[in-house]
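This is upload02.json (JSON, C-alpha atoms).
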```json
[["chain", "number", "residue", "atom", "x", "y", "z"],
["V", 224, "MET", "CA", 17.48, -25.09, 1.45],
["V", 225, "THR", "CA", 16.81, -22.68, 4.32],
["V", 226, "ILE", "CA", 14.05, -20.10, 3.99],
["V", 227, "ALA", "CA", 14.68, -16.78, 5.70],
["V", 228, "VAL", "CA", 12.24, -15.67, 8.40],
["V", 229, "ASP", "CA", 11.32, -12.63, 6.27],
["V", 230, "ASP", "CA", 10.38, -14.96, 3.41],
["V", 231, "LYS", "CA", 8.22, -17.02, 5.76],
["V", 232, "VAL", "CA", 6.51, -13.90, 7.08],
["V", 233, "GLU", "CA", 5.91, -12.60, 3.54],
["V", 234, "SER", "CA", 4.38, -15.91, 2.50],
["V", 235, "LEU", "CA", 2.17, -16.03, 5.59],
["V", 236, "VAL", "CA", 1.10, -12.40, 5.15],
["V", 237, "PHE", "CA", 0.07, -13.30, 1.62],
["V", 238, "ASP", "CA", -1.94, -16.26, 2.94],
["V", 239, "LEU", "CA", -3.67, -14.09, 5.56],
["V", 240, "VAL", "CA", -4.57, -11.34, 3.07],
["V", 241, "GLU", "CA", -5.85, -13.90, 0.57],
["V", 242, "TRP", "CA", -7.90, -15.69, 3.27],
["V", 243, "VAL", "CA", -9.55, -12.44, 4.42],
["V", 244, "GLY", "CA", -9.96, -11.34, 0.78],
["V", 245, "LYS", "CA", -12.20, -14.30, 0.05],
["V", 246, "GLU", "CA", -14.78, -13.03, 2.55],
["V", 247, "PRO", "CA", -14.76, -10.65, 5.51],
["V", 248, "ARG", "CA", -13.90, -12.45, 8.75],
["V", 249, "THR", "CA", -14.68, -11.55, 12.31],
["V", 250, "TYR", "CA", -11.79, -10.38, 14.41],
["V", 251, "ARG", "CA", -12.30, -13.47, 16.58],
["V", 252, "GLN", "CA", -12.06, -15.79, 13.55],
["V", 253, "THR", "CA", -8.94, -14.01, 12.41],
["V", 254, "MET", "CA", -7.24, -14.20, 15.78],
["V", 255, "ASP", "CA", -8.19, -17.87, 16.20],
["V", 256, "ALA", "CA", -6.63, -18.66, 12.83],
["V", 257, "TRP", "CA", -3.68, -16.26, 12.71],
["V", 258, "ARG", "CA", -2.54, -15.28, 16.21],
["V", 259, "THR", "CA", 0.97, -16.34, 17.04],
["V", 260, "SER", "CA", 3.06, -15.93, 20.13],
["V", 261, "CYS", "CA", 6.23, -16.15, 18.09],
["V", 262, "PRO", "CA", 7.85, -12.71, 17.85],
["V", 263, "ARG", "CA", 9.67, -13.86, 14.71],
["V", 264, "LEU", "CA", 6.40, -14.43, 12.82],
["V", 265, "PRO", "CA", 4.34, -11.24, 13.25],
["V", 266, "VAL", "CA", 1.88, -12.05, 10.47],
["V", 267, "TRP", "CA", -1.17, -10.15, 11.77],
["V", 268, "GLU", "CA", 0.89, -7.16, 12.86],
["V", 269, "GLU", "CA", 2.72, -7.02, 9.53],
["V", 270, "ALA", "CA", -0.51, -7.14, 7.50],
["V", 271, "ILE", "CA", -2.07, -4.36, 9.61],
["V", 272, "GLU", "CA", 1.06, -2.20, 9.59],
["V", 273, "ARG", "CA", 1.33, -2.44, 5.80],
["V", 274, "GLY", "CA", -2.34, -1.52, 5.37],
["V", 275, "LEU", "CA", -3.23, -4.81, 3.68],
["V", 276, "VAL", "CA", -6.11, -5.58, 6.04],
["V", 277, "VAL", "CA", -8.09, -3.43, 8.48],
["V", 278, "ARG", "CA", -10.26, -4.12, 11.47],
["V", 279, "GLU", "CA", -13.69, -2.47, 11.44],
["V", 280, "PRO", "CA", -15.66, -2.05, 14.68],
["V", 281, "GLY", "CA", -18.59, -4.33, 15.44],
["V", 282, "ALA", "CA", -19.74, -7.50, 17.18],
["V", 283, "GLU", "CA", -17.19, -10.18, 18.10],
["V", 284, "GLY", "CA", -14.44, -7.58, 18.06],
["V", 285, "GLY", "CA", -15.47, -6.28, 14.66],
["V", 286, "ARG", "CA", -14.66, -7.63, 11.27],
["V", 287, "VAL", "CA", -11.45, -7.81, 9.31],
["V", 288, "ILE", "CA", -11.43, -6.92, 5.62],
["V", 289, "THR", "CA", -8.81, -6.77, 2.90],
["V", 290, "THR", "CA", -8.06, -3.23, 1.77],
["V", 291, "SER", "CA", -7.56, -1.99, -1.77],
["V", 292, "ARG", "CA", -3.84, -2.06, -1.03],
["V", 293, "GLY", "CA", -4.24, -5.69, 0.07],
["V", 294, "PHE", "CA", -5.95, -6.63, -3.18],
["V", 295, "GLU", "CA", -3.14, -4.89, -5.09],
["V", 296, "PHE", "CA", -0.65, -6.94, -3.05],
["V", 297, "LEU", "CA", -2.48, -10.12, -4.11],
["V", 298, "ALA", "CA", -2.73, -9.03, -7.75],
["V", 299, "LEU", "CA", 1.01, -8.37, -7.91],
["V", 300, "ARG", "CA", 1.48, -11.99, -6.92],
["V", 301, "GLY", "CA", -1.04, -13.29, -9.46],
["V", 302, "ARG", "CA", -4.03, -13.78, -7.17],
["V", 303, "ALA", "CA", -6.79, -11.33, -6.45],
["V", 304, "GLN", "CA", -10.32, -12.24, -5.45],
["V", 305, "ARG", "CA", -12.61, -9.51, -4.24],
["V", 306, "HIS", "CA", -15.44, -10.48, -1.98],
["V", 307, "SER", "CA", -18.83, -8.94, -2.58]]
```

Could I get this structure in the form of structure tokens?
Amino acid sequence: MTIAVDDKVESLVFDLVEWVGKEPRTYRQTMDAWRTSCPRLPVWEEAIERGLVVREPGAEGGRVITTSRGFEFLALRGRAQRHS
């Protein structure tokens, strides 16, 4: 069975949003874990463009948090954990 690139990206976007949703991450942590040079897997760019995560200014490039829209995205897929 072959999985379409869009399906892979969607699954990886979900993983990214869920990972950030567990606790805010620094931009550096996020880029170390999620940066890709593959133009066919734009996970970070897709999550930002869809408003699922945002980057807030601060030390180490700021922090990355899951937005309300991101938590809705997780909830629609049966998983939503809000960090405190």

Query raised in the report: Mind pulling up the distance from CA of Val287 in chain V to CA of Val243 in chain V?
Result: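 Interatomic distance, CA of Val243 in chain V to CA of Val287 in chain V: 7.0 Å.
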
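With only C-alpha atoms taken into account, the protein and nucleic acid residues at most 10 Å from range 240-242 of chain V (excluding it and anything under 6 positions from it in its own chain) are Arg248, Thr253, Val266, Trp267, Ala270, Ile271, Leu275, Val276, Val287, Ile288, Thr289, Thr290, Gly293, Phe294, Phe296, Leu297, Arg302, Ala303, Gln304 and Arg305 of chain V.
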
Query raised in the report: Quick one, how far is CA of Asp255 in chain V from CA of Leu299 in chain V?
Result: 27.5 Å

Requested in this report: Calculate how many Å separate CA of Tyr250 in chain V from CA of Arg278 in chain V, rounding to one decimal.
Outcome: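 Answer for the CA of Tyr250 in chain V to CA of Arg278 in chain V separation: 7.1 Å.
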
Query raised in the report: Smallest atom-to-atom distance to Glu233 in chain V: which of V:Arg292, V:Arg300, V:Glu283, V:Glu246, using all atoms listed in the file?
Result: V:Arg300
